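Right, one structure below, let's go through it.
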Amino acid sequence: MADELDRPRDDLERHEAEPHLPSSTIWPFAFAAGIALVLIGLIVSWIVAAVGAVLAIVFGFLWIRDATRGVPVAPEPSPTGVTTTDVDLEAAEDEPARYPRSKFLEGATLGIGALIGGVITLPVVGFAIGPAFIDQGYDDVDLGPLANFPEGQFIITTFYSKGDEYGDVGRRTAYIRNNGQVNEVPSFTIISSRCVHLGCPVQPQGPISDEERKTVKAKGGEILLTPTQPSGFGCPCHGGAYDSEGDRTAGPPVRALDRYRYAIVEGNLVLKTPYSVSKVDGSGADAKIHSYKLADPGQHVDGPEQIFYPIID
Ligand code: FES
């Protein structure tokens, strides 16, 4: 009889004496799969990232709930062989809840580990991927009167994208050709010098008239204008080559050179936001430009490869 009475206490002590093994639930794996989906989604699409975040939150909650769930406490046997439950349920309910020390230590370890992991990881992740989600914007740049750009001639135009205040950090170069009038509206081809392989500055392939270089003052700051007659553009870094419309002809670049939108404001040429181009059909004012939102160098904007890049500006 005494042996039977001692059994519940022995079971409880044996349980606490056993090494504490990890939970056998699938929540940790499901939580990890959710985090993996979030990371993949940051690259592939917002929808995948959102689904991953929801899964990670749900499975993380279930994991924590299971990990912190208390072990049932056996009822105290009385000397008469009647358990506390049998004798006085109300008295048992009045006792303070017992919480196993092992569970407390497990929860504390998980919590502190998560805190330390978050403190270390979040700043790194933030600095690594944060800039990709920040709209850095582009200011309009006034390049002065249309007379600065003779018809039919490419002008290497160096300007400050944010005014003079940022110095050379804000210096940009565009290759600008006045295509003449189309339906009495001036037409320009404005090609960015940023190579779409890895971002090196492309150079005009042809004579550059340094002796005709001039510096003009415009609302956008000081502008450097140098006439050139390129047959195309070449990148000195890895041999990327483009024709005179900026269309890729050879080398590692994945698309045509980016272009700038423009407007004519009070007789001045104003540079607006840049955009990306997959390819150009035709030339000059008649060119058909396959345009896309601005993409980073190396990023495909069309075809199946584009799904491997983030859907962000
Ligand atoms: S950066 Fe231009 S070809 Fe590589």
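Chain lettering (A, B, ...) mirrors the order of the structure tokens, residue numbering begins at 1 for each chain separately, and ligand numbering begins at 1 in order of display.
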Go through chain A and flag each residue having an atom no more than 7 Å from ligand 1; for those, report the closest pair of atoms plus their distance in Å to one decimal, using only C-alpha atoms and all ligand atoms, ordered by chain and rising number, as CSV.
```
residue,atom,partner,partner_atom_place_in_ligand_line,distance
A:Cys195,CA,ligand 1,2 (Fe),4.7
A:Val196,CA,ligand 1,2 (Fe),6.5
A:His197,CA,ligand 1,1 (S),4.6
A:Leu198,CA,ligand 1,1 (S),3.9
A:Gly199,CA,ligand 1,1 (S),5.0
A:Cys200,CA,ligand 1,1 (S),4.5
A:Val202,CA,ligand 1,2 (Fe),6.8
A:Cys235,CA,ligand 1,2 (Fe),4.6
A:Pro236,CA,ligand 1,2 (Fe),6.6
A:Cys237,CA,ligand 1,4 (Fe),5.0
A:His238,CA,ligand 1,3 (S),3.9
A:Gly239,CA,ligand 1,3 (S),4.9
A:Gly240,CA,ligand 1,3 (S),3.8
A:Gly251,CA,ligand 1,3 (S),6.4
A:Pro252,CA,ligand 1,3 (S),5.6
A:Pro253,CA,ligand 1,3 (S),5.8
```
Take the residues that were just selected and, keeping all heavy atoms, output them as a short mmCIF file (atom, residue, chain, number, x, y, z; two decimals), in the first residue's frame.
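Everything below was put into part_7.cif:
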```cif
data_model
loop_
_atom_site.label_atom_id
_atom_site.label_comp_id
_atom_site.auth_asym_id
_atom_site.auth_seq_id
_atom_site.Cartn_x
_atom_site.Cartn_y
_atom_site.Cartn_z
N CYS A 195 27.37 52.00 -66.40
CA CYS A 195 27.32 50.69 -67.05
C CYS A 195 26.35 49.80 -66.30
O CYS A 195 26.32 49.77 -65.07
CB CYS A 195 28.71 50.05 -67.06
SG CYS A 195 28.75 48.44 -67.86
N VAL A 196 25.55 49.04 -67.05
CA VAL A 196 24.53 48.20 -66.40
C VAL A 196 25.06 46.80 -66.12
O VAL A 196 24.28 45.89 -65.84
CB VAL A 196 23.23 48.15 -67.23
CG1 VAL A 196 22.57 49.50 -67.24
CG2 VAL A 196 23.51 47.67 -68.63
N HIS A 197 26.40 46.66 -66.17
CA HIS A 197 26.97 45.41 -65.67
C HIS A 197 27.21 45.58 -64.17
O HIS A 197 26.49 45.02 -63.36
CB HIS A 197 28.27 45.07 -66.41
CG HIS A 197 28.95 43.85 -65.86
ND1 HIS A 197 30.31 43.76 -65.71
CD2 HIS A 197 28.44 42.69 -65.40
CE1 HIS A 197 30.60 42.57 -65.19
NE2 HIS A 197 29.50 41.91 -64.99
N LEU A 198 28.21 46.40 -63.82
CA LEU A 198 28.49 46.62 -62.40
C LEU A 198 28.59 48.09 -62.02
O LEU A 198 28.97 48.42 -60.91
CB LEU A 198 29.79 45.90 -62.00
CG LEU A 198 29.75 44.37 -62.04
CD1 LEU A 198 31.10 43.78 -61.68
CD2 LEU A 198 28.67 43.82 -61.11
N GLY A 199 28.27 48.97 -62.97
CA GLY A 199 28.18 50.39 -62.62
C GLY A 199 29.36 51.26 -62.96
O GLY A 199 29.39 52.44 -62.60
N CYS A 200 30.38 50.75 -63.63
CA CYS A 200 31.49 51.61 -64.04
C CYS A 200 30.99 52.67 -65.03
O CYS A 200 29.99 52.47 -65.69
CB CYS A 200 32.58 50.78 -64.73
SG CYS A 200 33.54 49.74 -63.63
N VAL A 202 30.70 54.34 -68.43
CA VAL A 202 31.03 54.01 -69.82
C VAL A 202 31.59 55.25 -70.51
O VAL A 202 31.33 56.38 -70.11
CB VAL A 202 29.80 53.48 -70.59
CG1 VAL A 202 29.26 52.21 -69.95
CG2 VAL A 202 28.70 54.53 -70.67
N CYS A 235 32.70 50.15 -71.97
CA CYS A 235 33.00 50.16 -70.54
C CYS A 235 34.43 49.66 -70.33
O CYS A 235 34.77 48.56 -70.79
CB CYS A 235 32.01 49.29 -69.80
SG CYS A 235 32.33 49.26 -68.03
N PRO A 236 35.28 50.44 -69.65
CA PRO A 236 36.67 50.03 -69.47
C PRO A 236 36.85 48.90 -68.45
O PRO A 236 37.93 48.31 -68.40
CB PRO A 236 37.34 51.31 -68.97
CG PRO A 236 36.25 52.07 -68.30
CD PRO A 236 34.98 51.74 -69.04
N CYS A 237 35.83 48.61 -67.68
CA CYS A 237 36.01 47.63 -66.59
C CYS A 237 36.05 46.19 -67.09
O CYS A 237 36.98 45.45 -66.79
CB CYS A 237 34.92 47.80 -65.55
SG CYS A 237 35.08 49.34 -64.63
N HIS A 238 35.04 45.78 -67.84
CA HIS A 238 34.98 44.37 -68.28
C HIS A 238 34.63 44.25 -69.76
O HIS A 238 34.17 43.20 -70.20
CB HIS A 238 33.97 43.59 -67.45
CG HIS A 238 34.10 43.82 -65.98
ND1 HIS A 238 33.27 44.65 -65.27
CD2 HIS A 238 35.01 43.34 -65.10
CE1 HIS A 238 33.64 44.68 -64.00
NE2 HIS A 238 34.71 43.91 -63.87
N GLY A 239 34.78 45.34 -70.48
CA GLY A 239 34.60 45.26 -71.93
C GLY A 239 33.16 45.30 -72.40
O GLY A 239 32.87 44.92 -73.54
N GLY A 240 32.24 45.78 -71.58
CA GLY A 240 30.86 45.92 -72.04
C GLY A 240 30.78 46.92 -73.18
O GLY A 240 31.47 47.95 -73.17
N GLY A 251 29.64 41.85 -74.46
CA GLY A 251 30.14 41.88 -73.09
C GLY A 251 29.10 41.48 -72.06
O GLY A 251 28.00 41.05 -72.40
N PRO A 252 29.46 41.64 -70.80
CA PRO A 252 28.60 41.12 -69.71
C PRO A 252 27.36 41.94 -69.36
O PRO A 252 26.52 41.44 -68.61
CB PRO A 252 29.57 41.07 -68.52
CG PRO A 252 30.59 42.12 -68.81
CD PRO A 252 30.74 42.16 -70.30
N PRO A 253 27.20 43.19 -69.79
CA PRO A 253 25.97 43.90 -69.40
C PRO A 253 24.71 43.13 -69.79
O PRO A 253 24.68 42.47 -70.83
CB PRO A 253 26.06 45.23 -70.14
CG PRO A 253 27.53 45.44 -70.34
CD PRO A 253 28.09 44.06 -70.57
#
```
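Proximity to Ser187 (chain A) at 10 Å, evaluated using only C-alpha atoms and with sequence-adjacent residues fewer than 3 positions away removed, yields A:Glu151, A:Arg177, A:Asn178, A:Asn179, A:Gly180, A:Gln181, A:Val182, A:Asn183, A:Glu184, A:Ile190, A:Tyr262, A:Ala263, A:Ile264, A:Gly284, A:Ala285, A:Asp286.
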Requested write-out: N, CA, C and O atoms of the selected residues, as a PDB file, in the first residue's frame:
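And here's again_24.pdb as it stands now:
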```pdb
ATOM      1  N   GLU A 151      21.787  70.448 -82.542  1.00  0.00           N
ATOM      2  CA  GLU A 151      21.050  69.303 -83.106  1.00  0.00           C
ATOM      3  C   GLU A 151      21.996  68.288 -83.736  1.00  0.00           C
ATOM      4  O   GLU A 151      22.953  68.645 -84.422  1.00  0.00           O
ATOM      5  N   ARG A 177      21.918  63.871 -76.780  1.00  0.00           N
ATOM      6  CA  ARG A 177      21.864  64.223 -78.211  1.00  0.00           C
ATOM      7  C   ARG A 177      20.513  64.878 -78.497  1.00  0.00           C
ATOM      8  O   ARG A 177      19.464  64.344 -78.137  1.00  0.00           O
ATOM      9  N   ASN A 178      20.600  66.021 -79.137  1.00  0.00           N
ATOM     10  CA  ASN A 178      19.388  66.724 -79.579  1.00  0.00           C
ATOM     11  C   ASN A 178      18.952  66.098 -80.899  1.00  0.00           C
ATOM     12  O   ASN A 178      19.672  66.185 -81.898  1.00  0.00           O
ATOM     13  N   ASN A 179      17.791  65.467 -80.912  1.00  0.00           N
ATOM     14  CA  ASN A 179      17.303  64.800 -82.128  1.00  0.00           C
ATOM     15  C   ASN A 179      16.495  65.724 -83.024  1.00  0.00           C
ATOM     16  O   ASN A 179      15.933  65.273 -84.028  1.00  0.00           O
ATOM     17  N   GLY A 180      16.406  66.980 -82.675  1.00  0.00           N
ATOM     18  CA  GLY A 180      15.600  67.914 -83.473  1.00  0.00           C
ATOM     19  C   GLY A 180      14.151  67.907 -83.019  1.00  0.00           C
ATOM     20  O   GLY A 180      13.798  67.371 -81.962  1.00  0.00           O
ATOM     21  N   GLN A 181      13.311  68.505 -83.861  1.00  0.00           N
ATOM     22  CA  GLN A 181      11.898  68.659 -83.507  1.00  0.00           C
ATOM     23  C   GLN A 181      11.077  67.474 -84.029  1.00  0.00           C
ATOM     24  O   GLN A 181      11.275  67.015 -85.153  1.00  0.00           O
ATOM     25  N   VAL A 182      10.191  67.000 -83.210  1.00  0.00           N
ATOM     26  CA  VAL A 182       9.216  65.991 -83.627  1.00  0.00           C
ATOM     27  C   VAL A 182       7.842  66.565 -83.296  1.00  0.00           C
ATOM     28  O   VAL A 182       7.526  66.779 -82.121  1.00  0.00           O
ATOM     29  N   ASN A 183       7.053  66.824 -84.362  1.00  0.00           N
ATOM     30  CA  ASN A 183       5.746  67.476 -84.167  1.00  0.00           C
ATOM     31  C   ASN A 183       5.913  68.778 -83.382  1.00  0.00           C
ATOM     32  O   ASN A 183       5.153  69.049 -82.430  1.00  0.00           O
ATOM     33  N   GLU A 184       6.954  69.507 -83.729  1.00  0.00           N
ATOM     34  CA  GLU A 184       7.257  70.810 -83.119  1.00  0.00           C
ATOM     35  C   GLU A 184       7.601  70.709 -81.625  1.00  0.00           C
ATOM     36  O   GLU A 184       7.528  71.690 -80.894  1.00  0.00           O
ATOM     37  N   ILE A 190      18.862  60.894 -74.061  1.00  0.00           N
ATOM     38  CA  ILE A 190      19.692  61.190 -72.882  1.00  0.00           C
ATOM     39  C   ILE A 190      20.054  59.857 -72.224  1.00  0.00           C
ATOM     40  O   ILE A 190      19.214  59.193 -71.612  1.00  0.00           O
ATOM     41  N   TYR A 262      13.022  63.680 -69.462  1.00  0.00           N
ATOM     42  CA  TYR A 262      13.370  65.094 -69.513  1.00  0.00           C
ATOM     43  C   TYR A 262      12.118  65.921 -69.779  1.00  0.00           C
ATOM     44  O   TYR A 262      11.064  65.395 -70.132  1.00  0.00           O
ATOM     45  N   ALA A 263      12.270  67.214 -69.574  1.00  0.00           N
ATOM     46  CA  ALA A 263      11.180  68.152 -69.861  1.00  0.00           C
ATOM     47  C   ALA A 263      11.811  69.446 -70.350  1.00  0.00           C
ATOM     48  O   ALA A 263      12.983  69.731 -70.050  1.00  0.00           O
ATOM     49  N   ILE A 264      11.047  70.188 -71.116  1.00  0.00           N
ATOM     50  CA  ILE A 264      11.497  71.521 -71.536  1.00  0.00           C
ATOM     51  C   ILE A 264      10.728  72.522 -70.685  1.00  0.00           C
ATOM     52  O   ILE A 264       9.494  72.596 -70.740  1.00  0.00           O
ATOM     53  N   GLY A 284      17.408  57.531 -82.664  1.00  0.00           N
ATOM     54  CA  GLY A 284      17.004  58.934 -82.609  1.00  0.00           C
ATOM     55  C   GLY A 284      15.584  59.124 -82.117  1.00  0.00           C
ATOM     56  O   GLY A 284      15.091  58.406 -81.250  1.00  0.00           O
ATOM     57  N   ALA A 285      14.922  60.100 -82.750  1.00  0.00           N
ATOM     58  CA  ALA A 285      13.556  60.428 -82.330  1.00  0.00           C
ATOM     59  C   ALA A 285      12.582  59.302 -82.632  1.00  0.00           C
ATOM     60  O   ALA A 285      11.509  59.217 -82.019  1.00  0.00           O
ATOM     61  N   ASP A 286      12.928  58.432 -83.597  1.00  0.00           N
ATOM     62  CA  ASP A 286      12.017  57.332 -83.970  1.00  0.00           C
ATOM     63  C   ASP A 286      12.251  56.065 -83.153  1.00  0.00           C
ATOM     64  O   ASP A 286      11.577  55.051 -83.380  1.00  0.00           O
TER      65      ASP A 286
END
```
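Considering the residues A:Ile26, A:Leu224, A:Ile129, A:Ile191 and counting only C-alpha atoms, Thr157 (chain A) has its shortest atom-to-atom contact with A:Leu224.
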Backbone DSSP call of strand (DSSP E) for region 41-279 of chain A, listed as a ChimeraX atom specification: /A:141-145,154-160,171-182,185-192,203-205,214-218,221-228,232-234,241-243,248-250,256-265,268-279
